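Novice: Structure in structure tokens, see below.
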Amino acid sequence: MKTFPRTRHRRYFLTVLVMMIFISLCLPFQNAGATPRGAFSQISFVANIETAGVTVSGAGLPASAQMAYRRVGETNWQTGHNLVRIKDGRLVGSLFNLAPASSYEVKVTDGTGEIVGSFTTQADELLFTPTNIIYVNDDAAPGGDGSFAAPFRTIQEGVNRARAGDTSPRGGWGL
């Protein structure tokens, strides 16, 4: 069995070691089985009277994240349903049994990141100011224009000529 002289062996070992270090620095580092953590970038809400939809955007978001909420001014957070990732990569979820016309804070966490936002639910009664009032009276003469002085004779005539924002105090309908 042939042996290498000591200096030759050291030179070979050092050359291999330097090459391994050089190659490892040039290749991207990847952990086997590890998923890169994403970052939350934006939280948005669609608030209704007693509910709210919650959406979180970002890159590489997890399959789900924990949601907590509280009324503005309260100290304790309540646990909400987990947000889940949908096909486009966003996290979505909903809050239920909220108080009308109230402000809330929402906190979403995934164990490493956190994002906080706020919204206000809508009032119990939504205000509506009609742009035009259409009058209907079944005793009116045919050919009316829907005004108080010349109402339509049938509700169907009013419906046929109504536009968005119109209302009828007599018939109780609005579009």
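Here, A, B, ... name the chains of the structure tokens in the order displayed, residue numbers run from 1 inside each chain, and ligands are numbered from 1 in the same displayed order.
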Set the distance at 12 Å and use only C-alpha atoms: which residues neighbour stretch 60-77 of chain A once local chain neighbours fewer than 3 positions away are removed? I'd like the list as a count of residues only.

Specialist: 57

Novice: Determine which residues of stretch 13-170 of chain A receive a DSSP assignment of alpha helix (DSSP H), computed from the backbone, and state them as a PyMOL selection string.

Specialist: chain A and resi 13-26+155-161

Novice: Could you save the residues just selected, with C-alpha atoms, as a PDB file, in the first residue's frame?

Specialist:
ATOM      1  CA  PHE A  13      -6.781  18.038   1.876  1.00  0.00           C
ATOM      2  CA  LEU A  14      -6.494  21.846   1.835  1.00  0.00           C
ATOM      3  CA  THR A  15      -7.308  21.988  -1.885  1.00  0.00           C
ATOM      4  CA  VAL A  16     -10.454  19.880  -1.392  1.00  0.00           C
ATOM      5  CA  LEU A  17     -11.477  21.961   1.630  1.00  0.00           C
ATOM      6  CA  VAL A  18     -11.026  25.253  -0.256  1.00  0.00           C
ATOM      7  CA  MET A  19     -13.033  23.902  -3.200  1.00  0.00           C
ATOM      8  CA  MET A  20     -15.880  22.784  -0.902  1.00  0.00           C
ATOM      9  CA  ILE A  21     -16.004  26.195   0.776  1.00  0.00           C
ATOM     10  CA  PHE A  22     -15.944  27.959  -2.597  1.00  0.00           C
ATOM     11  CA  ILE A  23     -18.750  25.762  -3.999  1.00  0.00           C
ATOM     12  CA  SER A  24     -20.887  26.171  -0.870  1.00  0.00           C
ATOM     13  CA  LEU A  25     -20.569  29.958  -1.116  1.00  0.00           C
ATOM     14  CA  CYS A  26     -21.597  29.959  -4.773  1.00  0.00           C
ATOM     15  CA  ILE A 155     -96.356  50.385 -10.041  1.00  0.00           C
ATOM     16  CA  GLN A 156     -95.128  48.674 -13.199  1.00  0.00           C
ATOM     17  CA  GLU A 157     -95.038  52.028 -15.036  1.00  0.00           C
ATOM     18  CA  GLY A 158     -92.872  53.399 -12.209  1.00  0.00           C
ATOM     19  CA  VAL A 159     -90.590  50.356 -12.248  1.00  0.00           C
ATOM     20  CA  ASN A 160     -90.156  50.637 -16.029  1.00  0.00           C
ATOM     21  CA  ARG A 161     -88.963  54.255 -15.760  1.00  0.00           C
TER      22      ARG A 161
END

Novice: What are the DSSP strand (DSSP E or B) residues of stretch 56-109 of chain A, as a compact mmCIF listing (two decimals) with C-alpha atoms, in the first residue's frame?

Specialist:
# COMPACT_ATOMS: atom_id res chain seq x y z
CA VAL A 56 -54.10 39.83 4.60
CA SER A 57 -51.70 40.15 1.68
CA GLY A 58 -48.00 39.37 1.53
CA ALA A 59 -45.41 37.07 0.01
CA SER A 64 -53.30 29.71 8.05
CA ALA A 65 -52.82 32.43 10.67
CA GLN A 66 -54.41 33.27 14.00
CA MET A 67 -56.76 36.24 14.26
CA ALA A 68 -57.68 38.19 17.39
CA TYR A 69 -59.92 41.24 17.70
CA ARG A 70 -61.21 43.76 20.24
CA ARG A 71 -63.32 46.90 20.33
CA GLN A 78 -60.87 37.90 21.69
CA THR A 79 -59.91 34.93 19.55
CA LEU A 83 -57.52 33.04 8.45
CA VAL A 84 -56.89 30.56 5.63
CA ARG A 85 -54.82 30.96 2.46
CA LEU A 91 -55.19 34.96 3.83
CA VAL A 92 -58.94 35.51 4.31
CA GLY A 93 -61.45 35.14 7.13
CA SER A 94 -64.49 36.69 8.81
CA LEU A 95 -65.59 38.15 12.12
CA SER A 103 -64.65 50.48 15.89
CA TYR A 104 -62.51 47.33 16.15
CA GLU A 105 -58.83 46.45 16.07
CA VAL A 106 -57.69 43.19 14.46
CA LYS A 107 -54.36 41.42 15.01
CA VAL A 108 -53.18 38.58 12.73
CA THR A 109 -50.16 36.44 13.70

Novice: Just how far from atom CA of A:Thr129 is atom CA of A:Gly143, in Å to one decimal?

Specialist: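 About the pair atom CA of A:Gly143 and atom CA of A:Thr129: they are 27.0 Å apart.
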
Novice: One decimal, in Å: what's the spacing between atom CA of A:Glu125 and atom CA of A:Ala162?

Specialist: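 Value for the atom CA of A:Glu125-atom CA of A:Ala162 distance: 23.3 Å.
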
Novice: What's around A:Gly144 at 12 Å? Count only C-alpha atoms, leave out sequence neighbours fewer than 2 positions away in its own chain, and write the answer as a list in words.

Specialist: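 Within the cut-off, the hits are Ile134, Tyr135, Val136, Asn137, Asp138, Asp139, Ala140, Ala141, Pro142, Gly146, Ser147, Phe148, Ala149, Ala150, Pro151, Phe152, Arg153, Thr154, Ile155, Glu157, Gly158 and Arg161 of chain A.
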
Novice: Could you save the residues just selected, with N, CA and C atoms, as a short mmCIF file (atom, residue, chain, number, x, y, z; two decimals), in the first residue's frame?

Specialist:
data_model
loop_
_atom_site.label_atom_id
_atom_site.label_comp_id
_atom_site.auth_asym_id
_atom_site.auth_seq_id
_atom_site.Cartn_x
_atom_site.Cartn_y
_atom_site.Cartn_z
N ILE A 134 -90.63 58.92 -7.20
CA ILE A 134 -91.62 58.55 -8.22
C ILE A 134 -92.96 58.31 -7.51
N TYR A 135 -94.00 58.98 -7.99
CA TYR A 135 -95.32 58.84 -7.39
C TYR A 135 -96.20 57.92 -8.24
N VAL A 136 -96.96 57.06 -7.55
CA VAL A 136 -97.87 56.12 -8.19
C VAL A 136 -99.23 56.25 -7.50
N ASN A 137 -100.29 56.31 -8.32
CA ASN A 137 -101.65 56.38 -7.78
C ASN A 137 -102.57 55.66 -8.74
N ASP A 138 -103.23 54.59 -8.26
CA ASP A 138 -104.07 53.81 -9.17
C ASP A 138 -105.32 54.57 -9.63
N ASP A 139 -105.60 55.72 -9.01
CA ASP A 139 -106.73 56.55 -9.45
C ASP A 139 -106.29 57.65 -10.43
N ALA A 140 -105.00 57.70 -10.74
CA ALA A 140 -104.47 58.75 -11.62
C ALA A 140 -104.91 58.51 -13.06
N ALA A 141 -104.91 59.61 -13.82
CA ALA A 141 -105.22 59.51 -15.25
C ALA A 141 -104.05 58.84 -15.96
N PRO A 142 -104.32 58.10 -17.03
CA PRO A 142 -103.22 57.48 -17.79
C PRO A 142 -102.28 58.53 -18.36
N GLY A 146 -94.96 60.43 -13.30
CA GLY A 146 -94.39 60.01 -12.02
C GLY A 146 -94.19 61.13 -11.03
N SER A 147 -94.58 62.35 -11.40
CA SER A 147 -94.46 63.48 -10.48
C SER A 147 -95.65 63.47 -9.53
N PHE A 148 -95.59 64.34 -8.51
CA PHE A 148 -96.70 64.44 -7.57
C PHE A 148 -97.98 64.89 -8.29
N ALA A 149 -97.83 65.82 -9.23
CA ALA A 149 -98.99 66.36 -9.96
C ALA A 149 -99.53 65.37 -10.98
N ALA A 150 -98.68 64.50 -11.55
CA ALA A 150 -99.12 63.55 -12.57
C ALA A 150 -98.49 62.17 -12.30
N PRO A 151 -98.96 61.46 -11.27
CA PRO A 151 -98.36 60.18 -10.92
C PRO A 151 -98.61 59.10 -11.97
N PHE A 152 -97.78 58.06 -11.92
CA PHE A 152 -98.04 56.90 -12.76
C PHE A 152 -99.28 56.20 -12.23
N ARG A 153 -99.94 55.46 -13.08
CA ARG A 153 -101.16 54.77 -12.68
C ARG A 153 -100.85 53.40 -12.05
N THR A 154 -99.76 52.77 -12.51
CA THR A 154 -99.42 51.45 -11.97
C THR A 154 -97.98 51.44 -11.47
N ILE A 155 -97.72 50.55 -10.55
CA ILE A 155 -96.36 50.39 -10.04
C ILE A 155 -95.43 49.96 -11.18
N GLU A 157 -95.49 50.85 -14.28
CA GLU A 157 -95.04 52.03 -15.04
C GLU A 157 -93.86 52.70 -14.32
N GLY A 158 -93.96 52.80 -12.99
CA GLY A 158 -92.87 53.40 -12.21
C GLY A 158 -91.60 52.57 -12.28
N ARG A 161 -89.65 52.98 -15.55
CA ARG A 161 -88.96 54.26 -15.76
C ARG A 161 -87.99 54.61 -14.63
#
